[in-house]
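Report on one structure; see the data block that follows.
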Amino acid sequence: MQPRLTTTISILSLSTVTGITTVITGIIPQLKRTFPTVPTTLIEWLVTIANCSALITLLLNPRLTSRWGLRPIVISGLLISAIMGLIPAITTNFIVIMVSRLGLGLGVGLFSPHAISLLTHSFTGDLRARLLGYQTGLSALGNAILLGLAGLLISLSWHAVF
C-alpha cells in the first residue's frame with residue numbers, strides 16, 4: 001500500500017530545506033560591517049560550522065534512528081533547525097549566532113538524510129523512481145527559492161535573512 005498524498009508531500013518537502021545552511025552566504029559583507037572586530041574568517045565560519053555540525057548528526061543518524069525511531073528524529077531535526085535558525089534574527093551577539101548555527105547544522109543532519117531514504121522505503125517501482133526525480137528537483141528548487149528570498153530580504157537587514 002502506498003502512503004497517503006499528505007505523507008508523500010511531507011516527505012518531498014524535506015528536500016526543499018536541506019540546503020538551508022548556505023542561505024546566509026549573501027549577508028557576509030553586512031555581517032563584516034556589523035561585527036568589525038570579528039575576523040572575516042570567523043564570520044565565514046557561520047556557514048561552515050553549520051555544515052560541519054550537520055556532518056556530526058549525519059554520522060550519528062543511523063544509531064539515533066534505531067534507538068528513537070525515524071519519525072521522532074526527523075521531527076526533532078526540523079524543530080531544532082527551526083528554533084536555531086531563528087535565533088540570529090533576534091540577537092546581535094556574535095557568539096550566540098555562532099552557537100545557533102552549530103545547532104542549526106545538528107538539526108539539519110537529523111532530517112536531511114531521510115529526504116531520500118523515506119522515498120526509497122515507502123514507494124516502489126515507477127512511482128519511487130518518479131518521486132526520487134521530484135526529490136532532486138525540489139531540492140534544487142528549494143535552494144533557488146531560499147537564496148532568491150534571502151537576496152530580497154538582504155535589503156531589509158541581515159536579521160531578516162535569518
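Going through the C-alpha cells in order, the chains are called A, B, and so on, while each chain numbers its residues from 1 and the ligands are numbered from 1 in the order shown.
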_All residues 10 Å or closer to Ala140 in chain A, only C-alpha atoms, same chain fewer than 2 positions away omitted, as a list of chain:residue names_ =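 Within the cut-off, the hits are A:Ser15, A:Thr16, A:Val17, A:Thr18, A:Gly19, A:Tyr134, A:Gln135, A:Thr136, A:Gly137, A:Leu138, A:Gly142, A:Asn143, A:Ala144, A:Ile145, A:Leu146.
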What are the nearest atom pairs, with distances in Å to one decimal, for all residues of range 21-49 of chain A that come at most 12 Å from range 106-111 of chain A, using only C-alpha atoms, set out by chain and rising residue number as CSV?
```
residue,atom,partner,partner_atom,distance
A:Thr21,CA,A:Val108,CA,8.2
A:Thr22,CA,A:Val108,CA,11.7
A:Ile49,CA,A:Leu106,CA,9.8
```
*Please, what distance in Å, to one decimal, runs between CA of Gly77 in chain A and CA of Ala115 in chain A?*
12.0 Å
*Just give me the gap between CA of Ile97 in chain A and CA of Met84 in chain A in Å, one decimal is fine.*
8.8 Å
*List the neighbours of Ala50 in chain A out to 7 Å using only C-alpha atoms; skip same-chain residues closer than 5 positions along the sequence, and give me the result as a PyMOL selection string.*
chain A and resi 21+101-102+104-105
_Distance criterion (only C-alpha atoms): nearest to Leu58 in chain A out of A:Gly26, A:Val74, A:Arg4, A:Leu147_ =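 Ranked by minimum distance to Leu58 in chain A, first place goes to A:Val74.
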*Among chain A, which ones does DSSP place in alpha helix (DSSP H), written as a ChimeraX atom specification?*
/A:5-14,28-34,40-68,70-86,94-111,114-122,125-153,158-161
_Atomic distance CA of Val161 in chain A - CA of Ile73 in chain A, expressed in Å with one decimal_ =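 About the pair CA of Val161 in chain A and CA of Ile73 in chain A: they are 26.3 Å apart.
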